[in-house]
Amino acid sequence: MDSTAFVLSGSQLTDIIDLVKKVHGFDFSCYSKASLKRRVLRVMQLKKLQFYDLKHILVNDHHFFQEFLDEITVNVTEMFRDPSYYKALTNTVVPYLSTYQHIKIWSAGCSSGEEVYSLAILMDEAGLKQKSFIYGTDVNSEMITEARKGIYSLRRIKSYAENYQYSGLKGSLTDHFTMMYDAATIHSELKQNTLFSVHNLISDGVFNEFNLISCRNVFIYFESELQERVLELFYNSLAPLGFLCMGSRETIRSEKFKKRFKVINSKENIYQKIAT
(Lines give C-alpha, C1' and ligand atoms only; values in the text may rest on other atoms or scores of the structure.)
Protein backbone atom coordinates (compact mmCIF):
# COMPACT_ATOMS: atom_id res chain seq x y z
CA MET A 1 0.00 0.00 0.00
CA ASP A 2 1.28 3.47 -0.88
CA SER A 3 2.37 5.47 2.20
CA THR A 4 0.26 8.38 0.95
CA ALA A 5 -2.82 6.30 1.85
CA PHE A 6 -2.05 6.67 5.55
CA VAL A 7 -3.67 9.78 7.01
CA LEU A 8 -4.30 11.02 10.54
CA SER A 9 -6.57 13.95 11.30
CA GLY A 10 -6.30 16.16 14.37
CA SER A 11 -9.33 14.53 15.98
CA GLN A 12 -7.93 11.06 15.26
CA LEU A 13 -4.63 12.02 16.90
CA THR A 14 -6.61 13.16 19.95
CA ASP A 15 -8.38 9.77 19.97
CA ILE A 16 -5.00 8.00 20.00
CA ILE A 17 -3.74 10.23 22.83
CA ASP A 18 -6.88 9.56 24.91
CA LEU A 19 -6.75 5.82 24.23
CA VAL A 20 -3.08 5.48 25.19
CA LYS A 21 -3.67 7.40 28.42
CA LYS A 22 -6.75 5.34 29.33
CA VAL A 23 -5.36 1.91 28.46
CA HIS A 24 -1.64 2.30 29.20
CA GLY A 25 -1.47 5.31 31.53
CA PHE A 26 0.95 7.22 29.31
CA ASP A 27 0.00 10.85 28.67
CA PHE A 28 1.01 12.34 25.32
CA SER A 29 -1.42 15.26 25.60
CA CYS A 30 1.26 17.90 26.20
CA TYR A 31 3.65 16.69 23.50
CA SER A 32 4.09 18.88 20.45
CA LYS A 33 1.16 17.86 18.24
CA ALA A 34 3.08 18.34 14.99
CA SER A 35 5.97 16.12 16.14
CA LEU A 36 3.64 13.52 17.63
CA LYS A 37 1.55 13.34 14.47
CA ARG A 38 4.65 12.77 12.32
CA ARG A 39 5.79 9.91 14.54
CA VAL A 40 2.38 8.22 14.76
CA LEU A 41 2.07 8.39 10.98
CA ARG A 42 5.50 6.82 10.71
CA VAL A 43 4.31 3.88 12.87
CA MET A 44 1.20 3.52 10.70
CA GLN A 45 3.32 3.45 7.55
CA LEU A 46 5.92 1.04 8.94
CA LYS A 47 3.29 -1.37 10.23
CA LYS A 48 0.82 -0.75 7.37
CA LEU A 49 -1.97 0.14 9.77
CA GLN A 50 -4.93 2.37 9.12
CA PHE A 51 -6.31 4.46 11.99
CA TYR A 52 -8.88 1.94 13.28
CA ASP A 53 -6.38 -0.92 12.96
CA LEU A 54 -3.91 1.10 15.03
CA LYS A 55 -6.50 1.72 17.75
CA HIS A 56 -7.40 -1.97 17.88
CA ILE A 57 -3.83 -3.21 18.21
CA LEU A 58 -2.93 -0.54 20.79
CA VAL A 59 -5.75 -1.85 23.00
CA ASN A 60 -5.13 -5.56 22.52
CA ASP A 61 -1.37 -6.03 22.10
CA HIS A 62 0.87 -4.88 24.96
CA HIS A 63 4.02 -5.86 23.08
CA PHE A 64 2.97 -3.67 20.17
CA PHE A 65 2.40 -0.76 22.52
CA GLN A 66 6.01 -1.06 23.70
CA GLU A 67 7.15 -0.94 20.07
CA PHE A 68 4.84 2.03 19.52
CA LEU A 69 6.25 3.83 22.57
CA ASP A 70 9.83 3.15 21.51
CA GLU A 71 9.14 4.56 18.05
CA ILE A 72 7.31 7.64 19.32
CA THR A 73 9.98 8.55 21.90
CA VAL A 74 13.14 7.68 19.95
CA ASN A 75 15.72 10.49 19.97
CA VAL A 76 18.73 11.23 17.81
CA THR A 77 21.91 11.57 19.85
CA GLU A 78 25.70 11.40 19.58
CA MET A 79 28.74 11.75 21.80
CA PHE A 80 29.87 15.31 22.50
CA ARG A 81 26.97 16.65 20.48
CA ASP A 82 27.31 20.44 20.19
CA PRO A 83 31.00 20.56 21.21
CA SER A 84 30.73 24.19 22.32
CA TYR A 85 28.36 23.03 25.06
CA TYR A 86 31.00 20.68 26.48
CA LYS A 87 33.59 23.42 26.23
CA ALA A 88 31.29 25.68 28.26
CA LEU A 89 30.78 22.93 30.86
CA THR A 90 34.55 22.52 31.19
CA ASN A 91 35.15 26.24 31.61
CA THR A 92 32.21 27.33 33.79
CA VAL A 93 30.57 24.34 35.52
CA VAL A 94 33.26 21.73 36.15
CA PRO A 95 35.44 24.06 38.31
CA TYR A 96 32.40 24.67 40.52
CA LEU A 97 31.54 20.96 40.73
CA SER A 98 35.13 20.11 41.63
CA THR A 99 34.63 21.75 45.04
CA TYR A 100 32.19 19.01 46.09
CA GLN A 101 33.08 15.72 47.76
CA HIS A 102 30.46 13.89 45.72
CA ILE A 103 29.02 14.92 42.36
CA LYS A 104 25.67 13.55 41.21
CA ILE A 105 24.61 14.12 37.61
CA TRP A 106 21.35 13.28 35.85
CA SER A 107 21.15 12.95 32.07
CA ALA A 108 17.39 13.02 31.43
CA GLY A 109 16.23 11.68 28.08
CA CYS A 110 19.58 9.96 27.59
CA SER A 111 18.49 7.82 24.62
CA SER A 112 21.23 5.26 23.81
CA GLY A 113 23.68 6.65 26.37
CA GLU A 114 26.05 8.81 24.34
CA GLU A 115 25.55 11.88 26.51
CA VAL A 116 26.03 9.93 29.73
CA TYR A 117 29.35 8.54 28.51
CA SER A 118 30.38 11.96 27.18
CA LEU A 119 29.83 13.41 30.65
CA ALA A 120 31.69 10.47 32.22
CA ILE A 121 34.68 11.13 29.94
CA LEU A 122 34.52 14.84 30.69
CA MET A 123 34.59 14.20 34.43
CA ASP A 124 37.38 11.63 34.02
CA GLU A 125 39.59 14.06 32.14
CA ALA A 126 38.89 16.73 34.77
CA GLY A 127 40.18 14.32 37.43
CA LEU A 128 36.72 13.97 38.99
CA LYS A 129 35.82 10.41 37.97
CA GLN A 130 36.19 8.90 41.43
CA LYS A 131 33.71 11.28 43.06
CA SER A 132 31.19 11.47 40.20
CA PHE A 133 28.13 9.34 39.55
CA ILE A 134 25.91 9.79 36.50
CA TYR A 135 22.32 8.62 36.17
CA GLY A 136 20.94 8.17 32.67
CA THR A 137 17.18 7.90 32.23
CA ASP A 138 14.81 7.62 29.31
CA VAL A 139 11.19 6.56 28.82
CA ASN A 140 12.30 4.29 25.97
CA SER A 141 13.27 0.92 27.46
CA GLU A 142 14.92 -0.26 24.24
CA MET A 143 17.27 2.73 24.30
CA ILE A 144 18.12 2.09 27.96
CA THR A 145 19.11 -1.48 27.06
CA GLU A 146 21.43 -0.15 24.35
CA ALA A 147 22.86 2.48 26.69
CA ARG A 148 23.82 -0.12 29.30
CA LYS A 149 25.89 -1.98 26.68
CA GLY A 150 27.96 1.10 25.79
CA ILE A 151 28.85 -0.38 22.39
CA TYR A 152 29.01 1.82 19.28
CA SER A 153 30.00 1.20 15.69
CA LEU A 154 33.43 2.35 14.51
CA ARG A 155 31.72 4.59 11.96
CA ARG A 156 29.93 6.42 14.76
CA ILE A 157 33.08 6.54 16.90
CA LYS A 158 34.90 8.32 14.06
CA SER A 159 32.18 10.98 13.98
CA TYR A 160 32.15 11.25 17.78
CA ALA A 161 35.94 11.71 17.79
CA GLU A 162 35.55 14.86 15.69
CA ASN A 163 33.05 16.25 18.21
CA TYR A 164 35.43 15.38 21.04
CA GLN A 165 38.27 17.25 19.34
CA TYR A 166 36.14 20.37 18.83
CA SER A 167 35.02 20.28 22.47
CA GLY A 168 38.53 21.29 23.50
CA LEU A 169 39.46 18.17 25.46
CA LYS A 170 43.14 17.30 25.25
CA GLY A 171 43.24 13.51 25.04
CA SER A 172 41.86 11.07 22.51
CA LEU A 173 38.31 9.72 22.53
CA THR A 174 39.51 6.22 21.65
CA ASP A 175 41.54 6.15 24.88
CA HIS A 176 38.21 5.59 26.63
CA PHE A 177 37.10 2.65 24.46
CA THR A 178 38.17 -0.92 23.80
CA MET A 179 38.23 -1.44 20.06
CA MET A 180 36.69 -4.58 18.56
CA TYR A 181 36.33 -5.75 14.96
CA ASP A 182 33.65 -3.32 13.82
CA ALA A 183 32.68 -1.60 17.07
CA ALA A 184 34.02 -0.11 20.30
CA THR A 185 32.87 -0.51 23.89
CA ILE A 186 33.24 2.09 26.62
CA HIS A 187 35.79 1.18 29.31
CA SER A 188 34.34 -0.65 32.29
CA GLU A 189 35.74 1.84 34.82
CA LEU A 190 33.60 4.55 33.23
CA LYS A 191 30.52 2.33 33.18
CA GLN A 192 30.97 1.63 36.90
CA ASN A 193 30.12 5.26 37.64
CA THR A 194 26.85 5.19 35.69
CA LEU A 195 23.35 3.82 36.23
CA PHE A 196 20.70 3.60 33.51
CA SER A 197 16.99 3.21 34.22
CA VAL A 198 13.58 3.90 32.71
CA HIS A 199 12.05 7.16 33.96
CA ASN A 200 9.04 9.06 32.64
CA LEU A 201 9.46 12.83 32.94
CA ILE A 202 5.71 13.25 32.69
CA SER A 203 4.56 10.93 35.46
CA ASP A 204 7.59 9.95 37.58
CA GLY A 205 8.89 12.11 40.40
CA VAL A 206 12.12 13.19 42.08
CA PHE A 207 14.46 10.26 42.81
CA ASN A 208 17.66 12.00 43.99
CA GLU A 209 19.31 15.37 44.57
CA PHE A 210 21.64 16.37 41.75
CA ASN A 211 24.43 18.88 41.26
CA LEU A 212 23.88 18.88 37.50
CA ILE A 213 20.89 17.94 35.35
CA SER A 214 21.35 17.76 31.60
CA CYS A 215 18.16 17.50 29.53
CA ARG A 216 19.04 18.54 26.02
CA ASN A 217 16.88 18.44 22.88
CA VAL A 218 13.91 17.00 24.76
CA PHE A 219 11.90 20.15 25.55
CA ILE A 220 11.46 20.90 21.84
CA TYR A 221 8.96 18.01 21.75
CA PHE A 222 6.90 19.39 24.67
CA GLU A 223 4.22 22.07 24.73
CA SER A 224 4.57 24.91 27.24
CA GLU A 225 2.39 23.31 29.93
CA LEU A 226 4.50 20.15 29.99
CA GLN A 227 7.73 22.14 29.86
CA GLU A 228 6.68 23.93 33.05
CA ARG A 229 5.80 20.65 34.79
CA VAL A 230 9.18 19.16 33.89
CA LEU A 231 10.99 22.32 34.99
CA GLU A 232 9.27 21.95 38.37
CA LEU A 233 10.59 18.37 38.55
CA PHE A 234 14.10 19.49 37.68
CA TYR A 235 14.05 22.40 40.13
CA ASN A 236 12.99 20.07 42.95
CA SER A 237 15.64 17.52 41.88
CA LEU A 238 18.53 20.00 41.99
CA ALA A 239 20.70 20.61 45.01
CA PRO A 240 21.04 24.26 46.06
CA LEU A 241 23.02 26.11 43.37
CA GLY A 242 22.84 23.06 41.10
CA PHE A 243 23.03 23.44 37.32
CA LEU A 244 20.39 22.79 34.66
CA CYS A 245 21.57 22.37 31.06
CA MET A 246 19.22 22.52 28.08
CA GLY A 247 19.62 22.16 24.31
CA SER A 248 20.79 24.82 21.89
CA ARG A 249 17.23 25.46 20.67
CA GLU A 250 15.69 25.40 24.14
CA THR A 251 15.40 28.02 26.85
CA ILE A 252 13.47 28.80 30.03
CA ARG A 253 10.53 30.92 28.88
CA SER A 254 8.35 30.64 31.97
CA GLU A 255 8.46 33.82 34.07
CA LYS A 256 7.97 31.66 37.15
CA PHE A 257 11.17 29.73 36.50
CA LYS A 258 13.18 32.66 35.18
CA LYS A 259 13.09 33.89 38.77
CA ARG A 260 14.33 30.53 40.08
CA PHE A 261 17.35 30.16 37.81
CA LYS A 262 20.36 32.32 37.08
CA VAL A 263 21.65 32.33 33.48
CA ILE A 264 25.23 31.05 33.42
CA ASN A 265 25.64 30.78 29.66
CA SER A 266 22.84 32.13 27.45
CA LYS A 267 24.25 30.67 24.22
CA GLU A 268 24.51 27.11 25.58
CA ASN A 269 21.44 27.45 27.83
CA ILE A 270 23.18 26.62 31.10
CA TYR A 271 21.35 27.75 34.24
CA GLN A 272 21.98 27.63 37.98
CA LYS A 273 19.32 27.09 40.61
CA ILE A 274 18.77 30.10 42.84
CA ALA A 275 18.10 29.23 46.47
CA THR A 276 14.73 30.55 47.67
# chains A, B, ... in the order shown; residues from 1 in each chain; ligands from 1
call {"tool": "residues_around", "arguments": {"residues": "Ser153 of chain A", "least_positions_apart": "6", "cutoff": "12 Å", "atoms": "only C-alpha atoms", "output": "MDAnalysis selection string"}}
result
chainID A and resid 78 159:160 177:186
call {"tool": "residues_around", "arguments": {"residues": "Cys110 of chain A", "least_positions_apart": "4", "cutoff": "10 Å", "atoms": "only C-alpha atoms", "output": "list in words"}}
result
Asn75, Val76, Thr77, Trp106, Glu114, Glu115, Val116, Tyr117, Tyr135, Gly136, Thr137, Asp138, Val139, Asn140, Met143, Ile144, Ala147, Phe196, Ser197, Val198, Ser214, Cys215, Arg216 and Val218 of chain A
call {"tool": "select_by_dssp", "arguments": {"residues": "segment 121-258 of chain A", "states": "strand (DSSP E or B)", "output": "PyMOL selection string"}}
result
chain A and resi 132-138+151-153+177-179+183-186+194-198+210-215+222+238-246
call {"tool": "closest_residue", "arguments": {"among": "A:Ser248, A:Ser237, A:Ser84, A:Ser141", "to": "Asn200 of chain A", "atoms": "only C-alpha atoms"}}
result
A:Ser141
call {"tool": "residues_around", "arguments": {"residues": "Asp124 of chain A", "least_positions_apart": "6", "cutoff": "10 Å", "atoms": "only C-alpha atoms", "output": "number ranges by chain"}}
result
A: 118, 130-132, 176, 189-190
call {"tool": "atom_distance", "arguments": {"atom1": "atom CA of Arg148 of chain A", "atom2": "atom CA of Gln101 of chain A"}}
result
26.0 Å
call {"tool": "decode", "arguments": {"residues": "segment 230-243 of chain A", "atoms": "all heavy atoms", "output": "mmCIF file, in the first residue's frame"}}
result
data_model
loop_
_atom_site.group_PDB
_atom_site.id
_atom_site.type_symbol
_atom_site.label_atom_id
_atom_site.label_comp_id
_atom_site.auth_asym_id
_atom_site.auth_seq_id
_atom_site.Cartn_x
_atom_site.Cartn_y
_atom_site.Cartn_z
ATOM 1 N N VAL A 230 7.872 19.809 33.833
ATOM 2 C CA VAL A 230 9.180 19.157 33.885
ATOM 3 C C VAL A 230 10.201 20.070 34.557
ATOM 4 O O VAL A 230 11.069 19.605 35.312
ATOM 5 C CB VAL A 230 9.635 18.731 32.481
ATOM 6 C CG1 VAL A 230 11.047 18.166 32.515
ATOM 7 C CG2 VAL A 230 8.675 17.688 31.900
ATOM 8 N N LEU A 231 10.102 21.375 34.306
ATOM 9 C CA LEU A 231 10.992 22.322 34.989
ATOM 10 C C LEU A 231 10.791 22.269 36.502
ATOM 11 O O LEU A 231 11.758 22.376 37.271
ATOM 12 C CB LEU A 231 10.750 23.747 34.481
ATOM 13 C CG LEU A 231 11.399 24.115 33.151
ATOM 14 C CD1 LEU A 231 10.899 25.472 32.668
ATOM 15 C CD2 LEU A 231 12.922 24.128 33.266
ATOM 16 N N GLU A 232 9.555 22.083 36.937
ATOM 17 C CA GLU A 232 9.274 21.945 38.372
ATOM 18 C C GLU A 232 9.968 20.700 38.916
ATOM 19 O O GLU A 232 10.577 20.721 39.999
ATOM 20 C CB GLU A 232 7.769 21.843 38.599
ATOM 21 C CG GLU A 232 7.355 21.828 40.066
ATOM 22 C CD GLU A 232 7.439 23.202 40.714
ATOM 23 O OE1 GLU A 232 7.028 24.196 40.091
ATOM 24 O OE2 GLU A 232 7.933 23.266 41.869
ATOM 25 N N LEU A 233 9.905 19.610 38.160
ATOM 26 C CA LEU A 233 10.586 18.372 38.553
ATOM 27 C C LEU A 233 12.087 18.594 38.652
ATOM 28 O O LEU A 233 12.726 18.179 39.644
ATOM 29 C CB LEU A 233 10.285 17.272 37.539
ATOM 30 C CG LEU A 233 11.112 15.987 37.657
ATOM 31 C CD1 LEU A 233 10.815 15.261 38.963
ATOM 32 C CD2 LEU A 233 10.852 15.061 36.464
ATOM 33 N N PHE A 234 12.660 19.254 37.674
ATOM 34 C CA PHE A 234 14.098 19.490 37.682
ATOM 35 C C PHE A 234 14.511 20.417 38.825
ATOM 36 O O PHE A 234 15.523 20.178 39.494
ATOM 37 C CB PHE A 234 14.548 20.077 36.347
ATOM 38 C CG PHE A 234 14.517 19.098 35.199
ATOM 39 C CD1 PHE A 234 14.471 19.531 33.887
ATOM 40 C CD2 PHE A 234 14.549 17.737 35.428
ATOM 41 C CE1 PHE A 234 14.456 18.634 32.835
ATOM 42 C CE2 PHE A 234 14.533 16.824 34.388
ATOM 43 C CZ PHE A 234 14.480 17.281 33.084
ATOM 44 N N TYR A 235 13.726 21.463 39.040
ATOM 45 C CA TYR A 235 14.055 22.400 40.133
ATOM 46 C C TYR A 235 14.080 21.659 41.472
ATOM 47 O O TYR A 235 15.001 21.833 42.279
ATOM 48 C CB TYR A 235 13.040 23.538 40.171
ATOM 49 C CG TYR A 235 13.375 24.597 41.197
ATOM 50 C CD1 TYR A 235 14.273 25.625 40.911
ATOM 51 C CD2 TYR A 235 12.811 24.555 42.471
ATOM 52 C CE1 TYR A 235 14.596 26.583 41.868
ATOM 53 C CE2 TYR A 235 13.129 25.508 43.428
ATOM 54 C CZ TYR A 235 14.027 26.517 43.116
ATOM 55 O OH TYR A 235 14.349 27.463 44.062
ATOM 56 N N ASN A 236 13.072 20.816 41.693
ATOM 57 C CA ASN A 236 12.994 20.071 42.953
ATOM 58 C C ASN A 236 14.042 18.971 43.045
ATOM 59 O O ASN A 236 14.338 18.483 44.132
ATOM 60 C CB ASN A 236 11.597 19.468 43.114
ATOM 61 C CG ASN A 236 10.520 20.519 43.316
ATOM 62 O OD1 ASN A 236 10.783 21.595 43.837
ATOM 63 N ND2 ASN A 236 9.304 20.230 42.876
ATOM 64 N N SER A 237 14.616 18.576 41.900
ATOM 65 C CA SER A 237 15.641 17.525 41.881
ATOM 66 C C SER A 237 17.055 18.072 42.000
ATOM 67 O O SER A 237 17.996 17.294 42.143
ATOM 68 C CB SER A 237 15.530 16.713 40.577
ATOM 69 O OG SER A 237 14.269 16.105 40.460
ATOM 70 N N LEU A 238 17.199 19.391 41.920
ATOM 71 C CA LEU A 238 18.525 20.003 41.985
ATOM 72 C C LEU A 238 18.904 20.357 43.418
ATOM 73 O O LEU A 238 18.073 20.855 44.190
ATOM 74 C CB LEU A 238 18.573 21.277 41.136
ATOM 75 C CG LEU A 238 18.762 21.102 39.626
ATOM 76 C CD1 LEU A 238 18.545 22.436 38.908
ATOM 77 C CD2 LEU A 238 20.151 20.555 39.306
ATOM 78 N N ALA A 239 20.162 20.119 43.751
ATOM 79 C CA ALA A 239 20.704 20.610 45.012
ATOM 80 C C ALA A 239 20.778 22.140 44.953
ATOM 81 O O ALA A 239 20.747 22.725 43.864
ATOM 82 C CB ALA A 239 22.094 20.026 45.240
ATOM 83 N N PRO A 240 20.858 22.809 46.093
ATOM 84 C CA PRO A 240 21.040 24.260 46.063
ATOM 85 C C PRO A 240 22.228 24.654 45.185
ATOM 86 O O PRO A 240 23.301 24.044 45.280
ATOM 87 C CB PRO A 240 21.293 24.606 47.533
ATOM 88 C CG PRO A 240 20.586 23.513 48.290
ATOM 89 C CD PRO A 240 20.759 22.283 47.467
ATOM 90 N N LEU A 241 22.019 25.609 44.298
ATOM 91 C CA LEU A 241 23.025 26.108 43.365
ATOM 92 C C LEU A 241 23.432 25.065 42.318
ATOM 93 O O LEU A 241 24.481 25.184 41.689
ATOM 94 C CB LEU A 241 24.261 26.628 44.106
ATOM 95 C CG LEU A 241 24.001 27.735 45.143
ATOM 96 C CD1 LEU A 241 25.286 28.140 45.831
ATOM 97 C CD2 LEU A 241 23.349 28.937 44.489
ATOM 98 N N GLY A 242 22.583 24.044 42.143
ATOM 99 C CA GLY A 242 22.836 23.059 41.099
ATOM 100 C C GLY A 242 22.585 23.635 39.714
ATOM 101 O O GLY A 242 21.926 24.670 39.551
ATOM 102 N N PHE A 243 23.087 22.943 38.695
ATOM 103 C CA PHE A 243 23.028 23.442 37.323
ATOM 104 C C PHE A 243 22.019 22.657 36.491
ATOM 105 O O PHE A 243 21.913 21.435 36.603
ATOM 106 C CB PHE A 243 24.410 23.329 36.657
ATOM 107 C CG PHE A 243 25.447 24.213 37.292
ATOM 108 C CD1 PHE A 243 26.224 23.745 38.349
ATOM 109 C CD2 PHE A 243 25.647 25.512 36.849
ATOM 110 C CE1 PHE A 243 27.180 24.544 38.942
ATOM 111 C CE2 PHE A 243 26.607 26.325 37.437
ATOM 112 C CZ PHE A 243 27.377 25.843 38.481
#
